[in-house]
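First up is the structure itself, then whatever we jot down about it.
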Amino acid sequence: MDADELVRGYLVLGLRLGRLVSGFVDSFTGDPALSRAVDNEPRLHPRAMRDQARLLLRELPGTDLADQRKQFLDAHLRALECTARKLGGERVSFVDEVQQYFQVRVRPGDEDSYAQAHRKLDAVLGGPGSLADRLTAFRTADEVPARRLQGAVQAISSALRDRVRQKYELPEQEIVEYQVVTNKPWSGFNYYLGGYRSRVAINADLGHRMSNLPHLVAHESYPGHHTEHCRKDAGLVAKRGHAEQSIFLINTPQCLMAEGMADLGLHAAVGPGWGPWTEGIFRDLGLRMDGELSEKVEAAASGLLTVRQDAALLLHDRGADQDDVVAHLRRWLLVPDRRARQMVRFLADPLWRAYTTTYVEGVRLVRAWLDVRAPGETLDSRYLRLLDEPLTPKSLESQVRDGLSWLARTAHENTI
């Protein structure tokens with residue numbers, strides 16, 4: 001099997017699975033004739049798709065694809081093989097499922113660390129009353145009025161777009177359109193439409209906060225999902241012919257890479273001082289925000305990163321009742337019942353049940369990789385590699401280990 005045939009087989013397999021699972025194909029900007037051909041063929045049984053994935057995996061090493069492309073396709077074919085096995089009725093433990101999808105092994109977080117995060121929040125949000133009450137009061141005061149949500153999103157997007165365009169080249173015709181929606185299991189979603197265009201849906205049900213909106217817009221648009229789609233479309237697909245990058249499939253390693261990178265988008269685009277920067281944008285809109293306090297609150301709450309992943313493990317690995325999962329989220333994230341149940345709704349969705357790991361482990365892995373950059377290498381150039389290269393979690397993990405080893409050796413040599 002030659003390289004083009006194998007890549008085509010991967011695209012066809014992804015499109016075929018997409019016919020069985022609504023939403024599985026997040027975007028496909030490749031040959032429309034290929035998509036039409038798959039739509040017009042009889043639906044295959046999942047076991048046939050499992051066998052197709054295994055055949056492609058056997059053939060992959062013998063192709064003349066570059067090593068980086070082989071690593072990408074190997075990781076993604078293994079994820080698709082797992083999806084096909086599950087659709088065929090095969091039992092796969094939740095932890096194994098997550099590992100096959102995202103190349104990471106998940107484990108429960110440390111409740112002592114959560115308690116420490118609560119103590120930090122308590123110090124930041126001083127005053128009378130319980131920490132939960134004070135945090136609720138802070139979040140309530142921080143909410144964007146529903147009628148102002150669209151305008152606030154547009155203002156932040158414009159400011160971020162200007163910064164990102166100074167750092168990274170983007171196609172002149174790229175554009176993001178925002179749409180406020182309701183009754184969705186997520187807070188925001190990027191629909192990449194091809195041609196350097198995205199539609200970003202913002203779920204108004206969640207009561208968005210001023211301190212959260214810059215993260216959300218950076219995540220979905222600049223320099224997150226939209227920026228990544230545009231640069232990979234223009235570079236890997238159009239210039240280098242990596243057709244496998246024309247499809248984005250849910251529950252694959254590219255999701256963990258994309259979500260980790262997008263969640264660190266504000267870190268890359270603005271960095272420290274993002275709170276006062278955001279405050280200035282809202283001031284121009286006639287909205288009041290305490291940017292410095294917002295930044296301190298987020299820094300204190302960062303120790304709660306794994307709580308949502310714990311909830312997924314409780315629900316799917318340990319068989320906990322949904323009410324117990326809600327209680328866990330409310331206890332450690334200090335969120336109201338309505339917000340906790342919205343989180344559980346996302347965790348219980350058959351398509352998204354494992355997806356929380358992409359945010360949790362994605363942030364941890366990508367941040368570690370960004371932090372071990374070589375002397376003289378800037379954060380901007382490091383982040384650009386995430387936007388441009390077909391990296392996988394396994395390759396990043398290996399580079400983090402190598403980077404930490406190099407730093408340890410250097411520190412040791414400097415003490416001798």
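Order determines the names: the first chain of the structure tokens is A, the second B, and so forth; residues in each chain are numbered 1 upward, and ligands are numbered 1 upward as they are shown.
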
| field | Contacts of range 124-138 of chain A at 12 Å (only C-alpha atoms; same-chain gap of 6+ positions) as number ranges by chain | value | A: 115, 117-118, 209-211, 289-290, 292-301, 330-337, 339

| query | What residues in range 46-171 of chain A get the DSSP label helix (DSSP H, G or I)? Please answer as a PyMOL selection string. | reply | chain A and resi 46-62+67-87+94-102+111-124+131-141+146-167

Could you dump the residues just selected with C-alpha atoms as an mmCIF file, in the first residue's frame?
```cif
data_model
loop_
_atom_site.group_PDB
_atom_site.id
_atom_site.type_symbol
_atom_site.label_atom_id
_atom_site.label_comp_id
_atom_site.auth_asym_id
_atom_site.auth_seq_id
_atom_site.Cartn_x
_atom_site.Cartn_y
_atom_site.Cartn_z
ATOM 1 C CA PRO A 46 -18.114 -1.482 13.313
ATOM 2 C CA ARG A 47 -16.171 -4.767 13.242
ATOM 3 C CA ALA A 48 -15.358 -4.138 9.571
ATOM 4 C CA MET A 49 -14.053 -0.701 10.500
ATOM 5 C CA ARG A 50 -11.995 -2.209 13.320
ATOM 6 C CA ASP A 51 -10.439 -4.591 10.797
ATOM 7 C CA GLN A 52 -9.814 -1.720 8.388
ATOM 8 C CA ALA A 53 -7.961 0.220 11.104
ATOM 9 C CA ARG A 54 -5.834 -2.824 11.916
ATOM 10 C CA LEU A 55 -4.981 -3.344 8.242
ATOM 11 C CA LEU A 56 -3.874 0.269 7.877
ATOM 12 C CA LEU A 57 -1.765 -0.016 11.040
ATOM 13 C CA ARG A 58 0.003 -3.076 9.611
ATOM 14 C CA GLU A 59 0.658 -1.325 6.301
ATOM 15 C CA LEU A 60 1.802 1.996 7.790
ATOM 16 C CA PRO A 61 5.435 1.076 8.634
ATOM 17 C CA GLY A 62 6.101 0.029 5.023
ATOM 18 C CA ASP A 67 8.490 9.572 10.611
ATOM 19 C CA GLN A 68 6.421 12.437 12.045
ATOM 20 C CA ARG A 69 3.507 11.622 9.733
ATOM 21 C CA LYS A 70 3.807 7.919 10.593
ATOM 22 C CA GLN A 71 3.654 8.742 14.308
ATOM 23 C CA PHE A 72 0.577 10.903 13.767
ATOM 24 C CA LEU A 73 -1.264 8.292 11.689
ATOM 25 C CA ASP A 74 -0.296 5.424 13.992
ATOM 26 C CA ALA A 75 -1.696 7.284 17.010
ATOM 27 C CA HIS A 76 -4.915 8.219 15.236
ATOM 28 C CA LEU A 77 -5.551 4.822 13.685
ATOM 29 C CA ARG A 78 -5.239 3.252 17.145
ATOM 30 C CA ALA A 79 -7.819 5.726 18.442
ATOM 31 C CA LEU A 80 -10.198 4.899 15.572
ATOM 32 C CA GLU A 81 -9.680 1.171 16.155
ATOM 33 C CA CYS A 82 -10.762 1.656 19.776
ATOM 34 C CA THR A 83 -13.856 3.625 18.721
ATOM 35 C CA ALA A 84 -14.807 0.869 16.282
ATOM 36 C CA ARG A 85 -14.334 -1.823 18.939
ATOM 37 C CA LYS A 86 -16.577 0.052 21.365
ATOM 38 C CA LEU A 87 -19.227 0.608 18.695
ATOM 39 C CA PHE A 94 -12.680 3.729 30.815
ATOM 40 C CA VAL A 95 -9.004 4.236 31.660
ATOM 41 C CA ASP A 96 -7.945 2.087 28.701
ATOM 42 C CA GLU A 97 -10.401 3.915 26.451
ATOM 43 C CA VAL A 98 -8.888 7.275 27.399
ATOM 44 C CA GLN A 99 -5.369 5.957 26.809
ATOM 45 C CA GLN A 100 -6.240 4.603 23.361
ATOM 46 C CA TYR A 101 -7.877 7.876 22.384
ATOM 47 C CA PHE A 102 -5.385 10.372 23.800
ATOM 48 C CA GLU A 111 -7.458 16.045 47.419
ATOM 49 C CA ASP A 112 -4.717 17.560 49.601
ATOM 50 C CA SER A 113 -3.791 19.706 46.593
ATOM 51 C CA TYR A 114 -7.432 20.713 46.222
ATOM 52 C CA ALA A 115 -7.543 21.731 49.883
ATOM 53 C CA GLN A 116 -4.382 23.787 49.347
ATOM 54 C CA ALA A 117 -6.035 25.521 46.384
ATOM 55 C CA HIS A 118 -9.009 26.335 48.619
ATOM 56 C CA ARG A 119 -6.658 27.898 51.161
ATOM 57 C CA LYS A 120 -5.107 30.044 48.432
ATOM 58 C CA LEU A 121 -8.560 31.119 47.241
ATOM 59 C CA ASP A 122 -9.524 31.899 50.823
ATOM 60 C CA ALA A 123 -6.524 34.203 51.134
ATOM 61 C CA VAL A 124 -7.271 35.976 47.840
ATOM 62 C CA LEU A 131 -15.303 30.535 50.880
ATOM 63 C CA ALA A 132 -18.102 29.123 48.708
ATOM 64 C CA ASP A 133 -20.277 32.170 49.417
ATOM 65 C CA ARG A 134 -17.428 34.618 48.742
ATOM 66 C CA LEU A 135 -16.508 32.861 45.503
ATOM 67 C CA THR A 136 -20.150 32.850 44.414
ATOM 68 C CA ALA A 137 -20.379 36.592 45.136
ATOM 69 C CA PHE A 138 -17.223 37.210 43.114
ATOM 70 C CA ARG A 139 -18.498 35.168 40.180
ATOM 71 C CA THR A 140 -21.908 36.863 40.289
ATOM 72 C CA ALA A 141 -20.369 40.332 40.198
ATOM 73 C CA ALA A 146 -26.802 38.491 28.677
ATOM 74 C CA ARG A 147 -27.666 41.379 26.362
ATOM 75 C CA ARG A 148 -23.992 42.440 26.320
ATOM 76 C CA LEU A 149 -22.504 38.973 25.629
ATOM 77 C CA GLN A 150 -22.280 39.240 21.838
ATOM 78 C CA GLY A 151 -20.626 42.656 21.942
ATOM 79 C CA ALA A 152 -18.211 41.628 24.671
ATOM 80 C CA VAL A 153 -17.129 38.560 22.704
ATOM 81 C CA GLN A 154 -16.616 40.646 19.561
ATOM 82 C CA ALA A 155 -14.496 43.227 21.417
ATOM 83 C CA ILE A 156 -12.225 40.611 22.965
ATOM 84 C CA SER A 157 -11.935 38.752 19.677
ATOM 85 C CA SER A 158 -10.864 41.922 17.856
ATOM 86 C CA ALA A 159 -8.219 42.710 20.477
ATOM 87 C CA LEU A 160 -6.860 39.165 20.483
ATOM 88 C CA ARG A 161 -6.861 38.975 16.694
ATOM 89 C CA ASP A 162 -4.677 42.090 16.524
ATOM 90 C CA ARG A 163 -2.159 40.579 18.965
ATOM 91 C CA VAL A 164 -2.104 37.181 17.296
ATOM 92 C CA ARG A 165 -1.627 38.649 13.825
ATOM 93 C CA GLN A 166 1.453 40.483 15.119
ATOM 94 C CA LYS A 167 2.899 37.192 16.371
#
```

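Residues surrounding Arg338 in chain A within 12 Å are Asp205, Leu206, Gly207, Asp323, Val326, Ala327, Leu329, Arg330, Leu334, Val335, Pro336, Ala340, Arg341, Gln342, Met343, Val344 and Arg345 of chain A [only C-alpha atoms; sequence separation below 2 positions excluded].
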
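Nearest to His242 in chain A of all the residues A:Leu65, A:Ala37, A:Val12, A:Leu347 is A:Leu65, counting only C-alpha atoms.
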
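Using only C-alpha atoms for every distance, the candidate list A:Asn212, A:Thr227, A:Thr356, A:Ser221 yields A:Asn212 as the residue closest to Glu279 in chain A.
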